[in-house]
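Asks: File name my_file_35.txt; file contents compact mmCIF, C-alpha atoms and all ligand atoms; full text below.
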# COMPACT_ATOMS: atom_id res chain seq x y z
CA MET A 1 11.31 11.92 -12.03
CA ARG A 2 7.68 10.78 -12.08
CA ALA A 3 5.61 10.08 -8.99
CA VAL A 4 2.09 8.92 -8.12
CA VAL A 5 0.86 11.68 -5.82
CA CYS A 6 -2.03 11.69 -3.37
CA GLN A 7 -3.08 15.34 -3.11
CA GLN A 8 -6.08 14.66 -0.90
CA PHE A 9 -7.62 11.58 0.70
CA ALA A 10 -10.04 10.64 -2.06
CA PRO A 11 -11.11 7.85 -4.44
CA LEU A 12 -8.30 6.13 -6.33
CA ASP A 13 -9.02 7.85 -9.65
CA GLN A 14 -7.96 11.14 -8.10
CA LEU A 15 -4.33 10.05 -7.77
CA VAL A 16 -2.13 12.27 -9.95
CA ILE A 17 1.01 11.40 -11.92
CA GLU A 18 3.43 14.31 -11.46
CA GLU A 19 6.78 15.25 -12.98
CA ARG A 20 9.03 16.38 -10.13
CA PRO A 21 12.66 17.47 -9.83
CA SER A 22 15.04 14.76 -8.60
CA PRO A 23 15.23 14.82 -4.79
CA ALA A 24 18.46 16.10 -3.19
CA LEU A 25 20.77 13.43 -1.76
CA ALA A 26 21.71 13.92 1.91
CA PRO A 27 24.72 12.39 3.72
CA GLY A 28 24.05 8.76 4.62
CA GLN A 29 21.49 8.31 1.84
CA VAL A 30 21.51 6.45 -1.46
CA ARG A 31 19.80 7.41 -4.70
CA VAL A 32 17.87 4.61 -6.37
CA ARG A 33 16.52 4.27 -9.91
CA VAL A 34 13.27 2.40 -9.36
CA THR A 35 12.66 -0.78 -11.38
CA ALA A 36 9.54 -2.12 -9.60
CA ALA A 37 7.08 -0.80 -7.03
CA GLY A 38 4.94 -3.35 -5.18
CA VAL A 39 1.19 -2.75 -4.91
CA ASN A 40 -0.41 -3.53 -1.56
CA PHE A 41 -4.01 -3.50 -0.34
CA VAL A 42 -2.82 -1.11 2.36
CA ASP A 43 -1.60 1.44 -0.27
CA ALA A 44 -5.16 1.77 -1.55
CA LEU A 45 -6.49 2.28 2.00
CA ILE A 46 -3.83 4.92 2.81
CA VAL A 47 -4.54 7.15 -0.22
CA GLN A 48 -8.27 7.05 0.53
CA GLY A 49 -7.70 8.04 4.18
CA LEU A 50 -9.07 4.67 5.32
CA TYR A 51 -5.95 3.46 7.15
CA GLN A 52 -4.69 4.13 10.69
CA ILE A 53 -1.60 5.87 9.23
CA LYS A 54 -2.39 9.20 7.49
CA PRO A 55 0.73 10.77 5.92
CA PRO A 56 0.83 14.59 5.66
CA LEU A 57 -0.69 15.75 2.33
CA PRO A 58 0.39 15.80 -0.43
CA PHE A 59 2.45 12.60 -0.42
CA VAL A 60 3.73 9.99 -2.86
CA ALA A 61 1.88 6.67 -2.54
CA GLY A 62 3.47 3.21 -2.37
CA GLY A 63 5.29 1.37 0.40
CA GLU A 64 7.59 -1.23 -1.19
CA THR A 65 10.10 -0.36 -3.90
CA VAL A 66 13.02 -2.03 -5.63
CA GLY A 67 15.67 -0.28 -7.66
CA VAL A 68 19.33 0.07 -8.56
CA VAL A 69 21.65 2.29 -6.52
CA THR A 70 22.88 5.10 -8.80
CA GLU A 71 24.52 7.49 -6.31
CA LEU A 72 25.97 7.30 -2.80
CA GLY A 73 25.60 10.09 -0.24
CA GLU A 74 28.55 11.21 1.84
CA GLY A 75 29.79 8.49 4.19
CA VAL A 76 27.93 5.58 2.59
CA THR A 77 29.99 2.41 2.24
CA SER A 78 27.13 -0.09 1.87
CA PRO A 79 25.22 -0.76 -0.33
CA THR A 80 27.44 0.01 -3.33
CA LEU A 81 26.76 1.50 -6.77
CA GLY A 82 24.79 -0.89 -8.96
CA ASP A 83 23.37 -2.94 -6.06
CA ARG A 84 19.70 -3.90 -6.31
CA VAL A 85 17.96 -2.81 -3.14
CA LEU A 86 14.53 -3.04 -1.51
CA ILE A 87 13.10 -0.01 0.29
CA THR A 88 10.22 -0.56 2.71
CA SER A 89 9.01 2.96 3.35
CA GLY A 90 5.28 2.88 4.11
CA PHE A 91 4.69 5.63 1.54
CA GLY A 92 6.84 7.50 -1.02
CA GLY A 93 7.54 4.41 -3.12
CA PHE A 94 5.50 4.97 -6.29
CA ALA A 95 8.22 7.11 -7.87
CA THR A 96 10.77 6.52 -10.61
CA GLU A 97 13.54 7.71 -8.31
CA MET A 98 13.98 7.66 -4.53
CA VAL A 99 16.54 8.77 -1.99
CA TYR A 100 16.61 6.79 1.26
CA PRO A 101 18.88 6.16 4.27
CA ALA A 102 21.50 3.59 3.25
CA ASP A 103 21.23 1.73 6.54
CA ARG A 104 17.53 1.07 5.97
CA VAL A 105 17.68 -0.58 2.55
CA LEU A 106 18.02 -4.31 2.00
CA VAL A 107 20.23 -5.73 -0.76
CA VAL A 108 17.91 -8.00 -2.77
CA PRO A 109 18.75 -11.74 -2.82
CA ALA A 110 19.99 -12.67 -6.30
CA MET A 111 17.34 -15.33 -6.94
CA LEU A 112 14.44 -12.86 -6.69
CA SER A 113 13.28 -10.92 -9.74
CA ASP A 114 12.65 -7.20 -9.27
CA GLY A 115 8.91 -7.89 -9.18
CA GLN A 116 9.18 -10.64 -6.56
CA ALA A 117 11.49 -8.49 -4.45
CA ALA A 118 9.12 -5.51 -4.57
CA THR A 119 6.15 -7.58 -3.40
CA PHE A 120 7.34 -10.13 -0.85
CA MET A 121 8.34 -8.17 2.26
CA GLN A 122 4.98 -6.98 3.63
CA SER A 123 3.11 -10.15 2.66
CA TYR A 124 5.70 -12.69 3.73
CA MET A 125 6.78 -10.92 6.90
CA THR A 126 3.15 -10.59 8.00
CA ALA A 127 2.67 -14.32 7.42
CA TYR A 128 5.98 -15.30 9.03
CA PHE A 129 5.47 -13.01 12.03
CA ALA A 130 1.93 -14.35 12.47
CA LEU A 131 2.58 -18.07 12.12
CA VAL A 132 5.96 -18.25 13.87
CA HIS A 133 6.27 -15.34 16.30
CA ARG A 134 2.64 -14.78 17.30
CA ALA A 135 0.90 -18.15 16.91
CA ASN A 136 3.90 -20.48 17.37
CA LEU A 137 2.32 -23.13 15.13
CA GLN A 138 3.95 -26.56 15.00
CA PRO A 139 4.60 -29.02 12.14
CA GLY A 140 1.64 -31.24 11.36
CA GLN A 141 -0.97 -28.76 12.59
CA TRP A 142 -3.91 -27.76 10.40
CA LEU A 143 -3.97 -24.16 9.14
CA LEU A 144 -7.02 -22.68 7.41
CA VAL A 145 -6.02 -19.64 5.29
CA LEU A 146 -8.77 -17.25 4.14
CA GLY A 147 -8.09 -14.95 1.16
CA ALA A 148 -5.48 -17.51 0.14
CA GLY A 149 -5.05 -16.17 -3.41
CA GLY A 150 -4.18 -12.65 -2.20
CA GLY A 151 -0.96 -11.13 -0.89
CA VAL A 152 -0.80 -12.02 2.80
CA GLY A 153 -2.95 -15.14 2.31
CA LEU A 154 -0.80 -16.70 -0.39
CA ALA A 155 2.30 -15.91 1.65
CA ALA A 156 0.74 -17.77 4.61
CA VAL A 157 0.09 -20.80 2.40
CA ASP A 158 3.73 -20.80 1.26
CA VAL A 159 5.26 -20.15 4.69
CA GLY A 160 2.81 -22.55 6.37
CA ARG A 161 3.72 -25.40 4.04
CA ALA A 162 7.42 -24.66 4.55
CA LEU A 163 6.88 -24.89 8.33
CA GLY A 164 5.30 -28.34 7.90
CA LEU A 165 1.70 -27.25 8.45
CA GLN A 166 -1.21 -28.83 6.58
CA VAL A 167 -2.69 -25.87 4.79
CA ILE A 168 -6.30 -25.60 3.64
CA ALA A 169 -6.66 -22.63 1.27
CA VAL A 170 -9.89 -20.68 0.84
CA ALA A 171 -10.43 -18.49 -2.23
CA SER A 172 -13.26 -17.31 -4.46
CA SER A 173 -11.86 -18.14 -7.92
CA GLN A 174 -10.25 -21.12 -9.62
CA ASP A 175 -7.16 -19.03 -10.51
CA LYS A 176 -6.64 -18.11 -6.88
CA ARG A 177 -7.17 -21.69 -5.70
CA ASP A 178 -4.74 -22.98 -8.33
CA MET A 179 -2.19 -20.42 -7.14
CA ALA A 180 -2.61 -21.66 -3.55
CA LEU A 181 -2.21 -25.28 -4.69
CA SER A 182 1.00 -24.27 -6.49
CA ARG A 183 2.34 -23.05 -3.12
CA GLY A 184 1.58 -26.36 -1.40
CA ALA A 185 -1.98 -26.19 -0.03
CA VAL A 186 -3.16 -29.76 0.69
CA ALA A 187 -6.80 -28.85 0.03
CA VAL A 188 -8.79 -25.90 -1.28
CA ILE A 189 -12.26 -24.58 -0.53
CA ASP A 190 -14.32 -22.43 -2.90
CA SER A 191 -15.64 -19.59 -0.73
CA SER A 192 -18.14 -18.54 -3.40
CA THR A 193 -20.03 -21.87 -3.42
CA GLU A 194 -19.01 -23.97 -0.40
CA ASP A 195 -19.67 -23.80 3.35
CA VAL A 196 -16.13 -22.96 4.44
CA LYS A 197 -16.54 -23.92 8.12
CA ALA A 198 -18.16 -27.26 7.35
CA ARG A 199 -15.63 -28.16 4.66
CA ALA A 200 -12.68 -27.18 6.86
CA LYS A 201 -13.95 -29.48 9.64
CA GLU A 202 -14.56 -32.28 7.18
CA ILE A 203 -11.07 -32.03 5.63
CA SER A 204 -9.21 -31.72 8.95
CA GLY A 205 -11.22 -34.33 10.85
CA ASP A 206 -11.87 -32.57 14.14
CA GLY A 207 -11.37 -28.93 13.13
CA VAL A 208 -8.29 -26.85 12.37
CA ASP A 209 -5.55 -25.67 14.76
CA ALA A 210 -5.54 -22.14 13.37
CA VAL A 211 -7.58 -19.85 11.15
CA TYR A 212 -5.50 -17.11 9.45
CA ASP A 213 -7.94 -14.35 8.52
CA PRO A 214 -7.04 -11.35 6.32
CA VAL A 215 -10.66 -11.08 5.08
CA GLY A 216 -12.94 -10.69 8.11
CA GLY A 217 -16.72 -10.30 7.77
CA ARG A 218 -19.19 -13.19 8.10
CA MET A 219 -16.75 -15.83 6.86
CA GLY A 220 -14.26 -14.92 9.58
CA GLU A 221 -16.91 -15.19 12.30
CA GLU A 222 -18.07 -18.55 10.96
CA CYS A 223 -14.56 -19.97 10.79
CA LEU A 224 -14.00 -19.41 14.51
CA ARG A 225 -16.35 -22.40 14.85
CA ALA A 226 -14.02 -24.52 12.70
CA LEU A 227 -11.30 -24.42 15.39
CA ARG A 228 -10.49 -27.54 17.40
CA GLU A 229 -9.43 -27.65 21.10
CA ASP A 230 -6.93 -24.86 21.87
CA GLY A 231 -7.20 -23.57 18.29
CA GLN A 232 -6.25 -19.99 17.43
CA TYR A 233 -8.13 -17.46 15.36
CA ILE A 234 -5.41 -15.21 13.92
CA VAL A 235 -6.65 -11.69 13.11
CA ILE A 236 -4.75 -10.35 10.08
CA GLY A 237 -7.04 -7.88 8.34
CA PHE A 238 -10.44 -6.94 7.01
CA ALA A 239 -10.23 -6.98 3.20
CA SER A 240 -14.01 -7.52 3.09
CA GLY A 241 -14.44 -4.11 4.73
CA GLU A 242 -16.26 -5.68 7.68
CA ILE A 243 -14.66 -6.20 11.10
CA PRO A 244 -15.91 -9.54 12.50
CA LYS A 245 -17.65 -9.54 15.87
CA LEU A 246 -16.40 -12.76 17.40
CA PRO A 247 -18.87 -14.42 19.79
CA ALA A 248 -17.06 -14.82 23.12
CA ASN A 249 -18.91 -18.06 23.89
CA GLN A 250 -17.26 -19.60 20.83
CA VAL A 251 -13.84 -18.55 22.15
CA LEU A 252 -14.63 -20.11 25.54
CA LEU A 253 -15.79 -23.37 23.98
CA ARG A 254 -12.92 -25.80 23.35
CA ASN A 255 -10.47 -23.34 25.04
CA ARG A 256 -9.93 -21.38 21.84
CA ARG A 257 -7.70 -18.30 21.54
CA VAL A 258 -7.77 -15.11 19.48
CA THR A 259 -4.35 -13.86 18.34
CA GLY A 260 -3.91 -10.32 17.02
CA VAL A 261 -1.23 -9.50 14.44
CA ASP A 262 -0.02 -5.96 13.69
CA TRP A 263 3.34 -6.52 12.05
CA GLY A 264 3.98 -2.93 10.89
CA ALA A 265 3.48 -1.38 14.33
CA TRP A 266 5.54 -4.14 15.97
CA VAL A 267 8.45 -3.43 13.58
CA GLY A 268 8.45 0.21 14.70
CA ARG A 269 8.80 -0.85 18.35
CA ASN A 270 11.10 -3.85 17.78
CA PRO A 271 13.45 -3.12 14.85
CA ALA A 272 16.19 -5.48 16.01
CA ALA A 273 13.80 -8.38 16.60
CA ASN A 274 12.29 -7.74 13.16
CA GLN A 275 15.75 -7.82 11.57
CA ALA A 276 16.25 -11.28 13.07
CA LEU A 277 12.93 -12.50 11.61
CA VAL A 278 13.72 -10.94 8.20
CA LYS A 279 17.05 -12.83 8.22
CA GLN A 280 15.23 -16.10 8.91
CA LEU A 281 12.78 -15.43 6.10
CA ILE A 282 15.52 -14.49 3.60
CA ALA A 283 17.36 -17.70 4.54
CA MET A 284 14.21 -19.68 3.71
CA ILE A 285 13.93 -17.91 0.34
CA GLU A 286 17.62 -18.52 -0.43
CA ALA A 287 17.25 -22.19 0.51
CA GLY A 288 14.29 -22.50 -1.88
CA LYS A 289 11.90 -23.34 0.96
CA VAL A 290 9.44 -20.55 0.09
CA HIS A 291 8.71 -19.10 -3.33
CA PRO A 292 7.36 -15.51 -3.51
CA VAL A 293 5.01 -15.18 -6.46
CA GLU A 294 5.99 -13.46 -9.73
CA PRO A 295 3.57 -10.49 -9.71
CA VAL A 296 1.28 -9.20 -12.44
CA SER A 297 2.86 -6.07 -14.00
CA TYR A 298 1.17 -2.72 -14.62
CA PRO A 299 2.77 0.29 -16.35
CA PHE A 300 3.78 2.88 -13.77
CA ASP A 301 1.19 5.40 -14.97
CA HIS A 302 -1.60 2.86 -14.37
CA ALA A 303 -1.14 2.96 -10.60
CA ALA A 304 -4.78 3.85 -9.90
CA GLN A 305 -5.97 0.90 -12.02
CA ALA A 306 -3.59 -1.48 -10.23
CA LEU A 307 -4.84 -0.31 -6.82
CA ALA A 308 -8.47 -0.60 -7.95
CA ASP A 309 -7.92 -4.13 -9.26
CA GLN A 310 -6.30 -5.03 -5.94
CA GLN A 311 -9.22 -3.65 -3.96
CA GLN A 312 -11.80 -5.34 -6.17
CA ARG A 313 -10.32 -8.85 -5.83
CA ARG A 314 -9.09 -9.02 -9.43
CA VAL A 315 -5.42 -9.55 -8.60
CA VAL A 316 -4.26 -13.16 -8.27
CA GLY A 317 -1.16 -13.19 -6.05
CA LYS A 318 0.55 -9.80 -6.21
CA ALA A 319 0.79 -6.78 -8.51
CA VAL A 320 3.68 -4.47 -9.33
CA LEU A 321 4.17 -1.12 -11.09
CA VAL A 322 6.99 -1.04 -13.61
CA PRO A 323 8.35 2.40 -14.66
N1 LIG D 401 -2.00 -7.46 10.27
C1 LIG D 401 -1.00 -7.06 9.52
O1 LIG D 401 0.12 -6.87 10.00
C2 LIG D 401 -1.26 -6.85 8.04
C3 LIG D 401 -0.20 -6.69 7.14
C4 LIG D 401 -0.49 -6.55 5.78
C5 LIG D 401 -1.81 -6.53 5.34
N2 LIG D 401 -2.82 -6.64 6.26
C6 LIG D 401 -4.23 -6.62 5.85
O2 LIG D 401 -4.58 -7.86 5.25
C7 LIG D 401 -5.68 -7.66 4.37
C8 LIG D 401 -5.40 -8.34 3.04
O3 LIG D 401 -4.27 -7.74 2.43
P1 LIG D 401 -3.67 -8.38 1.09
O4 LIG D 401 -2.46 -7.59 0.76
O5 LIG D 401 -3.56 -9.83 1.20
O6 LIG D 401 -4.85 -8.02 0.05
P2 LIG D 401 -5.21 -8.77 -1.31
O7 LIG D 401 -3.96 -9.24 -1.98
O8 LIG D 401 -6.10 -7.86 -2.05
O9 LIG D 401 -6.01 -10.07 -0.85
C9 LIG D 401 -7.19 -9.96 -0.09
C10 LIG D 401 -8.11 -11.10 -0.41
O10 LIG D 401 -9.28 -10.90 0.38
C11 LIG D 401 -10.39 -11.48 -0.28
N3 LIG D 401 -11.61 -10.66 -0.18
C12 LIG D 401 -12.81 -11.09 0.25
N4 LIG D 401 -13.72 -10.14 0.21
C13 LIG D 401 -13.11 -9.07 -0.29
C14 LIG D 401 -13.55 -7.74 -0.59
N5 LIG D 401 -14.83 -7.35 -0.37
N6 LIG D 401 -12.67 -6.89 -1.12
C15 LIG D 401 -11.40 -7.26 -1.33
N7 LIG D 401 -10.91 -8.51 -1.05
C16 LIG D 401 -11.77 -9.39 -0.53
C17 LIG D 401 -10.00 -11.70 -1.75
O11 LIG D 401 -9.96 -13.10 -1.93
P3 LIG D 401 -11.19 -13.89 -2.56
O12 LIG D 401 -11.53 -13.20 -3.85
O13 LIG D 401 -10.63 -15.23 -2.74
O14 LIG D 401 -12.30 -13.81 -1.55
C18 LIG D 401 -8.58 -11.13 -1.86
O15 LIG D 401 -7.77 -11.95 -2.68
C19 LIG D 401 -5.91 -6.16 4.28
O16 LIG D 401 -6.99 -5.82 5.12
C20 LIG D 401 -4.62 -5.58 4.81
O17 LIG D 401 -4.82 -4.30 5.38
C21 LIG D 401 -2.56 -6.81 7.58
Hey, can you dump this file as structure tokens for me?
Replies:
Amino acid sequence: MRAVVCQQFAPLDQLVIEERPSPALAPGQVRVRVTAAGVNFVDALIVQGLYQIKPPLPFVAGGETVGVVTELGEGVTSPTLGDRVLITSGFGGFATEMVYPADRVLVVPAMLSDGQAATFMQSYMTAYFALVHRANLQPGQWLLVLGAGGGVGLAAVDVGRALGLQVIAVASSQDKRDMALSRGAVAVIDSSTEDVKARAKEISGDGVDAVYDPVGGRMGEECLRALREDGQYIVIGFASGEIPKLPANQVLLRNRRVTGVDWGAWVGRNPAANQALVKQLIAMIEAGKVHPVEPVSYPFDHAAQALADQQQRRVVGKAVLVP
């Protein structure tokens, strides 16, 4: 099998494609022939040693993988041979073959392509967890989504619209804004030319009920001021590389709130509660209420390029490696 290996925490161009023997199959595991491996912003951070999770070196990169079950370990009754499954592993997923515990794979809903299936879980669950479980937003409320043409941002546009929110999408390029409109944003703001805070207040009337921020930096700090009474600033991530320093006086004013979101860590502590949320999300996908994007494809051996494009804002929606 082939794998994208991180031998040391280093720039992306030092990732290595290795030929490796097929991994042994243990009881309770399934063997999967990989058909698509989702590319996430977090994958690029992990291999550079810039993320809070640092796997022991060397390790195979990639956290979301879809493939076909080709072999069942002793005792496995589900999934079955030939099933298409999604593996959410954190790392180890940029490989042409994987073995994984059968009780931790998810059979992929039929209506999702391999690419969609390999790219929706982290983005959509972050958005769903944030908007429903953490922020408890209600139909009719105004939601301002920063980084709305990227993975977790676009998912928030889609989930937000499905929840009945009025979504204002912020993105730097026309392609990204068009993508957000295609997922139901009621208005878009061009972050490269417009004053995002002022436009958000203008569009929503008296300010927005929530700011969903995967970008951080100056724009995040500014957008705190776009919140109306009791509005929430939802901290998702810092794609800009800068952690915003929120002025406490602006939180005090208008009784605003700051809501932190760390979906991955929460899953580790609350697997059963996460399963319930995943079920709700899958039901929304099956009912056609949300529509995970069809990702841009890269050949498997171009993993470093895909990660670099992701980090440098060139990916619209999501990207996937195809062996
Ligand atoms: N809290 C959680 O549980 C959780 C879960 C998953 C991911 N995250 C975090 O969320 C963030 C976004 O992840 P993602 O998967 O959505 O990434 P992504 O697909 O690359 O999207 C990030 C967006 O951020 C914007 N951006 C602005 N300045 C940027 C810069 N200097 N470099 C890169 N992007 C910049 C870009 O939009 P424009 O070009 O339109 O500005 C880009 O489309 C990351 O920090 C990630 O670690 C958090």
Asks: Any idea what's packed within 12 Å of Ala26 in chain A, counting only C-alpha atoms, ignoring anything in its chain fewer than 5 positions away? Could you give it as a list of chain:residue names?
Replies: A:Arg31, A:Glu71, A:Leu72, A:Gly73, A:Glu74, A:Gly75, A:Val76, A:Met98, A:Val99, A:Tyr100, A:Pro101, A:Ala102
Asks: Which protein, DNA or RNA residues have an atom within 6 Å of ligand LIG 401 (chain D), counting all atoms listed in the file, as a PDB file with C-alpha atoms, in the frame of the given file?
Replies:
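And here's selection24.pdb as it stands now:
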ATOM      1  CA  ASN A  40      -0.410  -3.530  -1.560  1.00  0.00           C
ATOM      2  CA  PHE A  41      -4.010  -3.500  -0.340  1.00  0.00           C
ATOM      3  CA  VAL A  42      -2.820  -1.110   2.360  1.00  0.00           C
ATOM      4  CA  GLN A 122       4.980  -6.980   3.630  1.00  0.00           C
ATOM      5  CA  SER A 123       3.110 -10.150   2.660  1.00  0.00           C
ATOM      6  CA  THR A 126       3.150 -10.590   8.000  1.00  0.00           C
ATOM      7  CA  GLY A 147      -8.090 -14.950   1.160  1.00  0.00           C
ATOM      8  CA  GLY A 149      -5.050 -16.170  -3.410  1.00  0.00           C
ATOM      9  CA  GLY A 150      -4.180 -12.650  -2.200  1.00  0.00           C
ATOM     10  CA  GLY A 151      -0.960 -11.130  -0.890  1.00  0.00           C
ATOM     11  CA  VAL A 152      -0.800 -12.020   2.800  1.00  0.00           C
ATOM     12  CA  GLY A 153      -2.950 -15.140   2.310  1.00  0.00           C
ATOM     13  CA  ALA A 171     -10.430 -18.490  -2.230  1.00  0.00           C
ATOM     14  CA  SER A 172     -13.260 -17.310  -4.460  1.00  0.00           C
ATOM     15  CA  PRO A 214      -7.040 -11.350   6.320  1.00  0.00           C
ATOM     16  CA  VAL A 215     -10.660 -11.080   5.080  1.00  0.00           C
ATOM     17  CA  ILE A 236      -4.750 -10.350  10.080  1.00  0.00           C
ATOM     18  CA  GLY A 237      -7.040  -7.880   8.340  1.00  0.00           C
ATOM     19  CA  PHE A 238     -10.440  -6.940   7.010  1.00  0.00           C
ATOM     20  CA  ALA A 239     -10.230  -6.980   3.200  1.00  0.00           C
ATOM     21  CA  SER A 240     -14.010  -7.520   3.090  1.00  0.00           C
ATOM     22  CA  VAL A 261      -1.230  -9.500  14.440  1.00  0.00           C
ATOM     23  CA  ASP A 262      -0.020  -5.960  13.690  1.00  0.00           C
ATOM     24  CA  TRP A 263       3.340  -6.520  12.050  1.00  0.00           C
ATOM     25  CA  GLY A 264       3.980  -2.930  10.890  1.00  0.00           C
ATOM     26  CA  GLN A 310      -6.300  -5.030  -5.940  1.00  0.00           C
ATOM     27  CA  GLN A 311      -9.220  -3.650  -3.960  1.00  0.00           C
ATOM     28  CA  GLN A 312     -11.800  -5.340  -6.170  1.00  0.00           C
ATOM     29  CA  ARG A 313     -10.320  -8.850  -5.830  1.00  0.00           C
TER      30      ARG A 313
END
Asks: Nearest residue to Ala10 in chain A out of A:Val34, A:Ile189, A:Val47, A:Ala180, using all atoms listed in the file?
Replies: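 Under the stated criterion, the closest residue is A:Val47.
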Asks: Using all atoms listed in the file, which of A:Leu307, A:Val105, A:Leu253, A:Ala185 sits nearest Thr80 in chain A?
Replies: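 Looking only at the distances to Thr80 in chain A, the closest residue turns out to be A:Val105.
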Asks: Could you name the residues that touch Leu227 in chain A at 6 Å or less, counting all atoms listed in the file, but leaving out those on the same chain fewer than 4 positions away, as a ChimeraX atom specification?
Replies: /A:207-209,231
Asks: Can I get the selected residues back with C-alpha atoms, as a PDB file, keeping the file's coordinate frame?
Replies:
ATOM      1  CA  GLY A 207     -11.370 -28.930  13.130  1.00  0.00           C
ATOM      2  CA  VAL A 208      -8.290 -26.850  12.370  1.00  0.00           C
ATOM      3  CA  ASP A 209      -5.550 -25.670  14.760  1.00  0.00           C
ATOM      4  CA  GLY A 231      -7.200 -23.570  18.290  1.00  0.00           C
TER       5      GLY A 231
END
